[in-house]
$ cat data.cif   # mmCIF, C-alpha atoms
data_run
#
loop_
_atom_site.label_atom_id
_atom_site.label_comp_id
_atom_site.auth_asym_id
_atom_site.auth_seq_id
_atom_site.Cartn_x
_atom_site.Cartn_y
_atom_site.Cartn_z
CA MET J 12 0.00 0.00 0.00
CA GLU J 13 1.16 3.49 -0.86
CA THR J 14 -0.39 6.90 -0.15
CA ARG J 15 -0.05 9.91 -2.42
CA TYR J 16 -1.23 13.49 -1.89
CA TYR J 17 -2.77 15.87 -4.38
CA GLU J 18 -3.99 19.45 -4.29
CA VAL J 19 -6.84 20.75 -6.49
CA ALA J 20 -8.17 24.31 -6.08
CA GLY J 21 -6.22 24.64 -2.84
CA HIS J 22 -7.86 21.53 -1.30
CA ARG J 23 -5.52 18.66 -0.43
CA PHE J 24 -6.67 15.02 -0.60
CA CYS J 25 -4.92 11.66 -0.57
CA VAL J 26 -5.30 8.30 -2.27
CA SER J 27 -4.03 4.97 -0.90
CA GLY J 28 -3.71 1.83 -2.96
CA GLU J 29 -1.42 -0.64 -4.68
CA GLU J 30 1.06 0.55 -7.27
CA ASP J 31 -1.19 -0.33 -10.24
CA VAL J 32 -3.75 2.22 -8.98
CA PHE J 33 -1.23 5.03 -9.42
CA THR J 34 -0.25 3.90 -12.89
CA LEU J 35 -3.87 4.70 -13.88
CA MET J 36 -3.58 8.17 -12.32
CA SER J 37 -1.12 10.03 -14.56
CA ASN J 38 -3.69 12.82 -14.97
CA TYR J 39 -3.26 13.57 -11.24
CA GLU J 40 0.53 13.98 -11.39
CA PRO J 41 0.50 17.75 -12.13
CA PHE J 42 -1.50 18.09 -8.88
CA ALA J 43 0.86 16.03 -6.67
CA CYS J 44 1.82 17.78 -3.43
CA ALA J 45 3.48 17.19 -0.06
CA ASP J 46 1.57 15.33 2.65
CA GLY J 47 -0.47 17.23 5.23
CA GLU J 48 -4.04 17.79 6.39
CA THR J 49 -6.63 16.63 3.85
CA VAL J 50 -10.28 17.39 3.05
CA PHE J 51 -10.77 13.71 2.24
CA ALA J 52 -8.91 10.41 1.96
CA LEU J 53 -9.73 7.58 -0.46
CA ASP J 54 -8.58 3.96 -0.20
CA VAL J 55 -8.74 1.91 -3.40
CA GLU J 56 -8.99 -1.86 -3.07
CA ASN J 57 -10.42 -4.89 -4.82
CA GLY J 58 -13.44 -6.49 -3.22
CA ASP J 59 -17.05 -7.58 -3.21
CA ALA J 60 -20.24 -5.58 -3.53
CA PRO J 61 -21.36 -3.79 -0.35
CA GLU J 62 -24.96 -4.18 0.78
CA TYR J 63 -26.91 -0.99 0.30
CA VAL J 64 -30.32 0.53 -0.38
CA GLU J 65 -30.76 2.46 -3.62
CA GLU J 66 -32.00 6.08 -3.36
CA MET J 67 -31.43 7.52 -6.76
CA ARG J 68 -30.06 6.80 -10.22
CA GLN J 69 -28.32 9.40 -12.34
CA GLU J 70 -27.44 8.89 -15.96
CA ASP J 71 -24.74 11.06 -17.39
CA GLU J 72 -22.79 10.85 -20.62
CA GLY J 73 -23.18 7.16 -21.22
CA GLN J 74 -22.74 5.99 -17.65
CA THR J 75 -25.03 5.43 -14.72
CA ILE J 76 -24.36 6.23 -11.08
CA ILE J 77 -26.59 4.61 -8.47
CA CYS J 78 -26.63 6.45 -5.14
CA GLY J 79 -27.70 4.86 -1.89
CA HIS J 80 -26.70 4.15 1.68
CA THR J 81 -25.68 1.23 3.87
CA ALA J 82 -27.51 0.21 7.04
CA ALA J 83 -24.74 1.96 9.00
CA GLY J 84 -25.51 5.27 7.23
CA GLU J 85 -22.51 5.38 4.91
CA ALA J 86 -23.13 6.85 1.45
CA VAL J 87 -22.74 4.44 -1.49
CA PHE J 88 -22.22 5.22 -5.18
CA GLU J 89 -22.15 2.40 -7.72
CA PHE J 90 -20.60 3.13 -11.12
CA LEU J 91 -22.08 1.34 -14.10
CA ARG J 92 -20.83 1.29 -17.62
CA PRO J 93 -23.51 0.27 -20.13
CA VAL J 94 -22.90 -2.68 -22.37
CA GLY J 95 -23.26 -1.82 -26.03
CA SER J 96 -25.67 -4.54 -27.11
CA LYS J 97 -29.35 -4.08 -27.92
CA ARG J 98 -30.04 -7.82 -28.21
CA PRO J 99 -33.08 -8.78 -26.11
CA GLU J 100 -31.26 -11.56 -24.23
CA VAL J 101 -28.88 -9.00 -22.70
CA GLU J 102 -31.62 -6.46 -22.09
CA ARG J 103 -31.66 -7.39 -18.40
CA HIS J 104 -28.07 -6.20 -18.24
CA ARG J 105 -28.91 -2.87 -19.77
CA TRP J 106 -27.50 -1.02 -16.76
CA GLY J 107 -24.16 -2.44 -17.66
CA VAL J 108 -21.05 -3.67 -15.90
CA THR J 109 -20.13 -2.40 -12.47
CA ALA J 110 -16.79 -0.59 -12.42
CA GLY J 111 -16.82 -0.11 -8.65
CA TRP J 112 -18.54 1.00 -5.47
CA LEU J 113 -17.59 4.10 -3.51
CA VAL J 114 -18.52 3.80 0.17
CA CYS J 115 -17.96 6.92 2.25
CA SER J 116 -18.54 8.40 5.67
CA ASP J 117 -21.59 10.66 5.94
CA ASP J 118 -19.39 13.79 5.89
CA TYR J 119 -17.52 12.47 2.80
CA SER J 120 -14.09 12.85 4.47
CA GLN J 121 -13.25 9.10 4.37
CA GLY J 122 -13.95 6.88 1.41
CA ARG J 123 -13.30 3.37 0.18
CA LEU J 124 -13.45 2.53 -3.51
CA ILE J 125 -14.08 -1.15 -4.13
CA THR J 126 -12.98 -1.97 -7.64
CA THR J 127 -14.06 -4.95 -9.73
CA GLY J 128 -11.12 -5.09 -12.13
CA LYS J 129 -13.30 -3.67 -14.91
CA HIS J 130 -13.05 -0.03 -16.05
CA GLU J 131 -10.91 0.72 -13.01
CA LYS J 132 -9.76 4.13 -14.23
CA MET J 133 -13.36 5.26 -14.73
CA ALA J 134 -14.14 4.13 -11.16
CA ILE J 135 -11.15 6.01 -9.70
CA ASP J 136 -11.94 9.23 -11.57
CA ASN J 137 -15.65 9.05 -10.67
CA ALA J 138 -14.90 8.34 -7.01
CA LEU J 139 -12.44 11.21 -6.71
CA MET J 140 -14.73 13.70 -8.50
CA ILE J 141 -17.64 12.76 -6.25
CA MET J 142 -15.60 12.93 -3.05
CA PHE J 143 -13.98 16.19 -4.07
CA ALA J 144 -17.33 17.81 -4.92
CA LEU J 145 -19.06 16.59 -1.76
CA ALA J 146 -16.20 17.19 0.70
CA THR J 147 -15.70 20.78 -0.50
CA ALA J 148 -19.35 21.80 -1.11
CA ASP J 149 -19.48 23.61 2.24
CA LYS J 150 -16.12 25.29 1.57
CA GLY J 151 -17.15 27.73 -1.16
CA THR J 152 -16.09 25.27 -3.85
CA VAL J 153 -18.00 23.83 -6.81
CA LEU J 154 -17.06 21.38 -9.54
CA PHE J 155 -18.53 22.59 -12.83
CA HIS J 156 -19.42 20.79 -16.00
CA ALA J 157 -17.84 23.32 -18.36
CA ALA J 158 -14.95 24.22 -20.64
CA VAL J 159 -12.59 27.02 -19.55
CA VAL J 160 -10.11 29.18 -21.43
CA SER J 161 -7.67 31.80 -20.20
CA TYR J 162 -7.38 35.16 -21.94
CA LYS J 163 -5.47 38.23 -20.71
CA ASN J 164 -4.94 36.66 -17.31
CA LYS J 165 -8.59 35.83 -16.62
CA GLY J 166 -10.58 32.62 -16.92
CA TYR J 167 -13.78 32.43 -18.99
CA MET J 168 -16.08 29.47 -18.56
CA PHE J 169 -18.49 27.98 -21.14
CA LEU J 170 -21.55 26.05 -19.92
CA GLY J 171 -24.27 24.04 -21.62
CA PRO J 172 -25.83 20.59 -21.74
CA SER J 173 -23.71 17.77 -23.21
CA GLY J 174 -23.45 18.11 -26.97
CA THR J 175 -24.07 21.88 -27.05
CA GLY J 176 -20.55 22.67 -28.21
CA LYS J 177 -18.64 23.86 -25.13
CA SER J 178 -15.40 22.24 -26.32
CA THR J 179 -16.00 23.48 -29.86
CA HIS J 180 -16.49 27.05 -28.67
CA ALA J 181 -13.34 26.83 -26.51
CA SER J 182 -11.36 25.57 -29.52
CA LEU J 183 -12.74 28.43 -31.68
CA TRP J 184 -11.32 30.91 -29.15
CA GLN J 185 -7.96 29.15 -29.32
CA ARG J 186 -7.97 29.23 -33.09
CA TYR J 187 -9.20 32.76 -33.78
CA ILE J 188 -8.36 34.77 -30.66
CA ALA J 189 -4.67 35.26 -30.04
CA GLY J 190 -3.58 34.81 -26.45
CA THR J 191 -6.21 32.18 -25.58
CA ALA J 192 -5.25 28.89 -23.90
CA LEU J 193 -7.35 25.93 -22.75
CA VAL J 194 -7.47 25.60 -18.94
CA ASN J 195 -9.82 22.61 -18.74
CA ASP J 196 -12.25 21.01 -21.18
CA ASP J 197 -14.87 19.38 -18.97
CA ASN J 198 -14.61 19.71 -15.17
CA PRO J 199 -13.03 22.89 -13.81
CA VAL J 200 -13.34 23.92 -10.17
CA VAL J 201 -14.51 27.35 -9.01
CA ARG J 202 -13.72 28.56 -5.53
CA ILE J 203 -15.03 31.67 -3.79
CA SER J 204 -12.78 33.26 -1.19
CA GLU J 205 -14.00 34.95 1.96
CA ASP J 206 -13.94 38.37 0.28
CA ASP J 207 -16.24 36.96 -2.48
CA THR J 208 -13.65 36.85 -5.27
CA ALA J 209 -14.01 33.85 -7.57
CA THR J 210 -11.11 31.86 -8.97
CA VAL J 211 -11.32 29.12 -11.60
CA TYR J 212 -8.91 26.16 -11.39
CA GLY J 213 -7.82 23.42 -13.75
CA SER J 214 -8.36 19.86 -12.48
CA PRO J 215 -7.34 16.24 -13.12
CA TRP J 216 -10.73 15.71 -14.80
CA SER J 217 -11.14 16.98 -18.33
CA GLY J 218 -13.46 14.66 -20.25
CA LYS J 219 -12.17 13.41 -23.58
CA THR J 220 -9.50 16.11 -23.93
CA PRO J 221 -6.33 15.41 -21.95
CA CYS J 222 -5.82 18.85 -20.36
CA TYR J 223 -4.74 18.39 -16.75
CA ARG J 224 -3.28 21.75 -15.80
CA SER J 225 -2.65 22.92 -12.27
CA VAL J 226 -3.29 26.58 -13.09
CA HIS J 227 -5.79 29.14 -11.87
CA TYR J 228 -7.20 32.48 -12.98
CA PRO J 229 -9.59 35.08 -11.60
CA LEU J 230 -12.99 34.15 -13.07
CA GLY J 231 -13.85 36.88 -15.61
CA GLY J 232 -17.18 35.64 -16.94
CA ILE J 233 -19.47 32.68 -17.50
CA VAL J 234 -21.26 31.95 -20.78
CA LEU J 235 -24.22 29.59 -21.21
CA LEU J 236 -24.16 28.28 -24.79
CA SER J 237 -27.01 27.14 -26.96
CA GLN J 238 -27.03 26.22 -30.61
CA ALA J 239 -28.79 28.58 -33.02
CA PRO J 240 -28.72 29.46 -36.73
CA TYR J 241 -27.26 32.91 -35.80
CA ASN J 242 -24.93 34.49 -33.23
CA LYS J 243 -26.40 36.58 -30.43
CA ILE J 244 -25.25 37.30 -26.90
CA GLU J 245 -27.10 38.78 -23.92
CA ARG J 246 -26.51 39.19 -20.22
CA LEU J 247 -28.37 36.93 -17.76
CA ASN J 248 -29.28 38.41 -14.40
CA GLY J 249 -30.57 37.29 -11.03
CA ILE J 250 -32.35 33.96 -10.97
CA TYR J 251 -31.67 33.38 -14.69
CA ALA J 252 -27.93 33.53 -14.02
CA TYR J 253 -28.39 31.31 -10.97
CA ALA J 254 -30.39 28.73 -12.97
CA ALA J 255 -27.66 28.57 -15.65
CA LEU J 256 -25.02 27.88 -12.98
CA MET J 257 -27.14 25.38 -11.08
CA GLU J 258 -27.66 23.15 -14.11
CA SER J 259 -23.91 22.94 -14.68
CA ILE J 260 -23.04 21.85 -11.15
CA SER J 261 -23.76 18.31 -10.10
CA GLY J 262 -24.03 17.38 -6.48
CA LYS J 263 -26.08 15.30 -4.13
CA ARG J 264 -28.66 18.02 -3.53
CA TRP J 265 -30.93 15.75 -1.54
CA ASP J 266 -28.28 15.94 1.17
CA GLU J 267 -29.33 19.19 2.83
CA ARG J 268 -25.82 20.18 3.91
CA ILE J 269 -24.53 19.77 0.36
CA ALA J 270 -27.51 21.66 -1.10
CA ASP J 271 -26.96 24.56 1.33
CA GLY J 272 -23.26 24.80 0.47
CA LEU J 273 -23.84 24.68 -3.30
CA HIS J 274 -26.64 27.23 -3.05
CA GLN J 275 -24.43 29.72 -1.19
CA THR J 276 -21.65 29.45 -3.76
CA GLU J 277 -24.05 29.60 -6.73
CA ASN J 278 -25.77 32.63 -5.25
CA ALA J 279 -22.47 34.44 -4.64
CA LEU J 280 -21.33 33.67 -8.20
CA ALA J 281 -24.65 34.74 -9.78
CA SER J 282 -24.43 38.03 -7.87
CA SER J 283 -20.77 38.84 -8.51
CA ILE J 284 -19.68 37.32 -11.85
CA PRO J 285 -21.15 38.42 -15.21
CA VAL J 286 -23.20 35.56 -16.70
CA TRP J 287 -24.14 35.60 -20.40
CA HIS J 288 -26.26 33.58 -22.81
CA LEU J 289 -24.67 33.03 -26.20
CA GLU J 290 -26.85 31.60 -28.95
CA CYS J 291 -24.37 30.60 -31.58
CA LEU J 292 -23.10 28.81 -34.62
CA PRO J 293 -19.84 26.89 -34.39
CA ASP J 294 -17.91 29.61 -36.23
CA GLU J 295 -15.25 32.34 -35.97
CA GLU J 296 -17.84 35.11 -35.68
CA ALA J 297 -19.35 33.46 -32.55
CA ALA J 298 -15.96 33.32 -30.83
CA LYS J 299 -15.19 36.95 -31.72
CA LEU J 300 -18.62 38.26 -30.69
CA CYS J 301 -18.35 36.41 -27.39
CA ASN J 302 -14.75 37.51 -26.74
CA GLU J 303 -15.42 41.17 -27.56
CA THR J 304 -18.55 41.27 -25.39
CA ILE J 305 -17.39 39.47 -22.27
CA THR J 306 -13.78 40.65 -22.00
CA GLN J 307 -14.55 44.37 -22.31
CA MET D 223 -53.52 19.16 1.15
CA ARG D 224 -49.79 19.53 1.71
CA LEU D 225 -46.64 20.81 0.08
CA LYS D 226 -44.79 17.99 -1.62
CA LYS D 227 -41.68 16.78 0.14
CA GLY D 228 -38.28 17.89 -1.09
CA PHE D 229 -39.17 21.44 -2.15
CA VAL D 230 -37.36 24.28 -0.43
CA LEU D 231 -37.75 28.05 -0.37
CA ARG D 232 -34.45 29.85 -0.91
CA GLU D 233 -33.33 33.41 -1.46
CA VAL D 234 -31.65 33.77 -4.86
CA CYS D 235 -30.14 37.12 -5.80
CA GLY D 236 -32.68 38.91 -3.59
CA GLU D 237 -35.71 36.97 -4.87
CA ARG D 238 -37.67 34.16 -3.20
CA VAL D 239 -37.52 30.95 -5.17
CA ILE D 240 -38.88 27.43 -4.75
CA MET D 241 -36.63 24.63 -5.95
CA GLY D 242 -36.73 20.85 -5.86
CA GLU D 243 -33.85 19.43 -3.86
CA GLY D 244 -35.05 16.37 -1.98
CA LEU D 245 -35.38 12.85 -3.33
CA GLY D 246 -38.43 12.74 -5.58
CA ALA D 247 -38.25 16.51 -6.22
CA ILE D 248 -34.75 16.62 -7.65
CA ASN D 249 -36.00 16.29 -11.23
CA PHE D 250 -38.37 19.27 -10.88
CA GLY D 251 -35.95 20.99 -13.25
CA LYS D 252 -37.18 24.53 -12.77
CA LEU D 253 -37.15 27.44 -10.37
CA LEU D 254 -40.43 28.93 -9.18
CA ALA D 255 -40.16 32.61 -8.24
CA LEU D 256 -42.64 33.80 -5.57
CA ASN D 257 -43.63 37.31 -4.58
CA GLU D 258 -43.46 38.31 -0.93
CA THR D 259 -47.03 37.25 -0.07
CA ALA D 260 -46.74 33.95 -1.88
CA ALA D 261 -43.46 33.20 -0.09
CA TRP D 262 -45.12 34.04 3.22
CA LEU D 263 -48.03 31.70 2.39
CA TRP D 264 -45.56 28.97 1.46
CA GLN D 265 -43.92 29.26 4.87
CA GLN D 266 -47.31 29.12 6.61
CA ALA D 267 -48.32 26.06 4.58
CA GLN D 268 -44.97 24.44 5.40
CA ALA D 269 -45.46 25.08 9.11
CA MET D 270 -49.05 23.75 9.07
CA GLY D 271 -48.16 20.52 7.27
CA ASP D 272 -51.71 19.60 6.34
CA PHE D 273 -53.52 22.78 5.25
CA THR D 274 -56.76 23.97 3.66
CA VAL D 275 -57.65 27.06 1.61
CA GLU D 276 -59.72 28.30 4.57
CA ALA D 277 -56.92 27.90 7.11
CA LEU D 278 -54.40 29.70 4.90
CA ALA D 279 -56.90 32.48 4.11
CA GLU D 280 -57.45 32.97 7.83
CA LYS D 281 -53.69 33.35 8.37
CA LEU D 282 -53.52 35.81 5.48
CA CYS D 283 -56.34 37.91 6.99
CA ALA D 284 -54.57 38.05 10.33
CA GLU D 285 -51.28 39.18 8.79
CA TYR D 286 -52.36 41.43 5.92
CA ASP D 287 -55.02 44.11 5.57
CA VAL D 288 -57.46 42.17 3.36
CA THR D 289 -61.09 41.08 3.68
CA ALA D 290 -61.95 37.41 4.21
CA ASP D 291 -63.28 37.12 0.64
CA GLU D 292 -60.18 38.70 -0.90
CA ALA D 293 -57.92 36.47 1.17
CA LYS D 294 -59.77 33.34 0.11
CA ALA D 295 -59.66 34.33 -3.57
CA ASP D 296 -55.92 35.08 -3.35
CA VAL D 297 -55.12 31.82 -1.62
CA LYS D 298 -57.23 29.85 -4.11
CA GLU D 299 -55.38 31.44 -7.00
CA MET D 300 -52.01 30.78 -5.41
CA ILE D 301 -52.80 27.14 -4.74
CA ALA D 302 -54.11 26.66 -8.28
CA GLU D 303 -50.70 27.82 -9.52
CA TRP D 304 -48.90 25.47 -7.16
CA GLN D 305 -51.11 22.63 -8.38
CA LYS D 306 -50.32 23.52 -11.98
CA VAL D 307 -46.58 23.16 -11.37
CA ASP D 308 -47.21 20.13 -9.17
CA VAL D 309 -45.64 21.16 -5.86
CA VAL D 310 -48.71 20.34 -3.72
CA GLU D 311 -50.53 17.06 -3.15
#

$ encode --input "data.cif" --output "structure tokens"
Amino acid sequence: METRYYEVAGHRFCVSGEEDVFTLMSNYEPFACADGETVFALDVENGDAPEYVEEMRQEDEGQTIICGHTAAGEAVFEFLRPVGSKRPEVERHRWGVTAGWLVCSDDYSQGRLITTGKHEKMAIDNALMIMFALATADKGTVLFHAAVVSYKNKGYMFLGPSGTGKSTHASLWQRYIAGTALVNDDNPVVRISEDDTATVYGSPWSGKTPCYRSVHYPLGGIVLLSQAPYNKIERLNGIYAYAALMESISGKRWDERIADGLHQTENALASSIPVWHLECLPDEEAAKLCNETITQ
Amino acid sequence: MRLKKGFVLREVCGERVIMGEGLGAINFGKLLALNETAAWLWQQAQAMGDFTVEALAEKLCAEYDVTADEAKADVKEMIAEWQKVDVVE
């Protein structure tokens, strides 16, 4: 067994496991840090299914996460990867193969990931994203589903449902707007400090684009994207800004403490950071219109 | 009738908003903005648990300067809206 420490958005956590676990974790290496106090600790080990009661199922980007709890009150998350077949005889397996079970203490500070030997990397990444999001939700920190670019020393974040074109819009900035760099393509972290300033951080999670950068920028603006046959941008205010943020932040909102923490951060962001709605085509003009409007 | 479980009243950017957070309400998928009176009625209904139009109208009369008939009409209208978006049962 070995233990390694990582720091994401100023929050330290550690992972313990056999050597082969760490060979699957190269995306975490830019975030490696010295040991010290942690917000959570995760042990990774092989093992059998825990007994638990299902509360909720969430489907996201081709995978299913079942949430529940054990009789002792620990939180359980089971990660399922769908099998690709539509043949009726495998229909009963339509929820797929289990990649692992995350079992954690009710404050999410201690977790155990039980792996099955299948899709182990997916299980490790899922477990760490969930623990990170839940253990920091009451610390002014949120894990977004978004793409982020840096431009003139600020970070700009693009939101939208899967398939809207967040990555495409980020790559249009990189192609047509000099001085733009990709910070993260799928799961950046935003943290609000005590004086209400917001900072966006790269993370070890970046979807299909390998972009694992331990960098951070003051958050300059947030843009909700939707596809349209034209390019148009407008400012979103108040509850409209809040709603755009809320839909891009996953969390176990039926846990009241988590919901309270996320709400406070979302509310502070909606009140202090400009939020925009960009209806756009996937073209140069969209990137330029957006850049000129939001970086003024 | 009663307010469905899992819905909470929160303050969002200075406005009062109902959102679904609990199990069973999490897929509500929208925010419901309430004016001050409606938010006050929501809190009364929450506190009562099981409530009726008459009981809420009575509370409204005691708190605000309205006649019994006006209060009843207002409460009825409010509850009809809540029924439409399916936050009461």

$ closest_residue --input "data.cif" --among "D:Leu225, D:Gly244, D:Arg232, D:Met300" --to "chain J" --atoms "only C-alpha atoms"
D:Gly244

$ interface_residues --input "data.cif" --of "chain J" --to "chain D" --cutoff "9 Å" --atoms "all atoms listed in the file" --output "list in words"
Glu66, Met67, Asn248, Gly249, Ile250, Tyr253, Ala254, Glu258, Lys263, Arg264, Trp265, Asp266, Glu267, Ala270, His274, Glu277, Asn278, Ala279, Ala281 and Ser282 of chain J

$ axis_aligned_box --input "data.cif" --around "region 47-65 of chain J" --padding-each-side "3 Å" --output "JSON"
{"center_x": -15.6, "center_y": 5.1, "center_z": 0.8, "size_x": 36.3, "size_y": 31.4, "size_z": 17.2}

$ resolve_selection --input "data.cif" --expression "the PyMOL selection byres ((chain J and resi 220-223) around 12)" --output "PDB file with C-alpha atoms, in the coordinates of the input"
ATOM      1  CA  VAL J  19      -6.840  20.750  -6.490  1.00  0.00           C
ATOM      2  CA  MET J  36      -3.580   8.170 -12.320  1.00  0.00           C
ATOM      3  CA  SER J  37      -1.120  10.030 -14.560  1.00  0.00           C
ATOM      4  CA  ASN J  38      -3.690  12.820 -14.970  1.00  0.00           C
ATOM      5  CA  TYR J  39      -3.260  13.570 -11.240  1.00  0.00           C
ATOM      6  CA  GLU J  40       0.530  13.980 -11.390  1.00  0.00           C
ATOM      7  CA  PRO J  41       0.500  17.750 -12.130  1.00  0.00           C
ATOM      8  CA  PHE J  42      -1.500  18.090  -8.880  1.00  0.00           C
ATOM      9  CA  ALA J  43       0.860  16.030  -6.670  1.00  0.00           C
ATOM     10  CA  ALA J 158     -14.950  24.220 -20.640  1.00  0.00           C
ATOM     11  CA  VAL J 159     -12.590  27.020 -19.550  1.00  0.00           C
ATOM     12  CA  VAL J 160     -10.110  29.180 -21.430  1.00  0.00           C
ATOM     13  CA  SER J 178     -15.400  22.240 -26.320  1.00  0.00           C
ATOM     14  CA  THR J 179     -16.000  23.480 -29.860  1.00  0.00           C
ATOM     15  CA  ALA J 181     -13.340  26.830 -26.510  1.00  0.00           C
ATOM     16  CA  SER J 182     -11.360  25.570 -29.520  1.00  0.00           C
ATOM     17  CA  ALA J 192      -5.250  28.890 -23.900  1.00  0.00           C
ATOM     18  CA  LEU J 193      -7.350  25.930 -22.750  1.00  0.00           C
ATOM     19  CA  VAL J 194      -7.470  25.600 -18.940  1.00  0.00           C
ATOM     20  CA  ASN J 195      -9.820  22.610 -18.740  1.00  0.00           C
ATOM     21  CA  ASP J 196     -12.250  21.010 -21.180  1.00  0.00           C
ATOM     22  CA  ASP J 197     -14.870  19.380 -18.970  1.00  0.00           C
ATOM     23  CA  ASN J 198     -14.610  19.710 -15.170  1.00  0.00           C
ATOM     24  CA  PRO J 199     -13.030  22.890 -13.810  1.00  0.00           C
ATOM     25  CA  TYR J 212      -8.910  26.160 -11.390  1.00  0.00           C
ATOM     26  CA  GLY J 213      -7.820  23.420 -13.750  1.00  0.00           C
ATOM     27  CA  SER J 214      -8.360  19.860 -12.480  1.00  0.00           C
ATOM     28  CA  PRO J 215      -7.340  16.240 -13.120  1.00  0.00           C
ATOM     29  CA  TRP J 216     -10.730  15.710 -14.800  1.00  0.00           C
ATOM     30  CA  SER J 217     -11.140  16.980 -18.330  1.00  0.00           C
ATOM     31  CA  GLY J 218     -13.460  14.660 -20.250  1.00  0.00           C
ATOM     32  CA  LYS J 219     -12.170  13.410 -23.580  1.00  0.00           C
ATOM     33  CA  ARG J 224      -3.280  21.750 -15.800  1.00  0.00           C
ATOM     34  CA  SER J 225      -2.650  22.920 -12.270  1.00  0.00           C
ATOM     35  CA  VAL J 226      -3.290  26.580 -13.090  1.00  0.00           C
ATOM     36  CA  HIS J 227      -5.790  29.140 -11.870  1.00  0.00           C
TER      37      HIS J 227
END

$ residues_around --input "data.cif" --residues "Ala138 (chain J)" --least-positions-apart "3" --cutoff "12 Å" --atoms "all atoms listed in the file" --output "JSON, numbers by chain"
{"J": [26, 51, 52, 53, 54, 55, 76, 86, 87, 88, 89, 90, 110, 111, 112, 113, 114, 115, 119, 121, 122, 123, 124, 125, 126, 131, 132, 133, 134, 135, 141, 142, 143, 144, 145, 146, 216]}

$ atom_distance --input "data.cif" --atom1 "CA of Tyr17 (chain J)" --atom2 "CA of Gly73 (chain J)"
27.9 Å

$ residues_around --input "data.cif" --residues "Leu235 (chain J)" --least-positions-apart "5" --cutoff "8 Å" --atoms "all atoms listed in the file" --output "number ranges by chain"
J: 169-171, 255, 286-289

$ write_last_selection --input "data.cif" --atoms "C-alpha atoms" --output "PDB file, in the frame of the given file"
ATOM      1  CA  PHE J 169     -18.490  27.980 -21.140  1.00  0.00           C
ATOM      2  CA  LEU J 170     -21.550  26.050 -19.920  1.00  0.00           C
ATOM      3  CA  GLY J 171     -24.270  24.040 -21.620  1.00  0.00           C
ATOM      4  CA  ALA J 255     -27.660  28.570 -15.650  1.00  0.00           C
ATOM      5  CA  VAL J 286     -23.200  35.560 -16.700  1.00  0.00           C
ATOM      6  CA  TRP J 287     -24.140  35.600 -20.400  1.00  0.00           C
ATOM      7  CA  HIS J 288     -26.260  33.580 -22.810  1.00  0.00           C
ATOM      8  CA  LEU J 289     -24.670  33.030 -26.200  1.00  0.00           C
TER       9      LEU J 289
END

$ atom_distance --input "data.cif" --atom1 "CA of Gly128 (chain J)" --atom2 "CA of Val32 (chain J)"
10.8 Å

$ atom_distance --input "data.cif" --atom1 "CA of Arg23 (chain J)" --atom2 "CA of Ser173 (chain J)"
29.2 Å
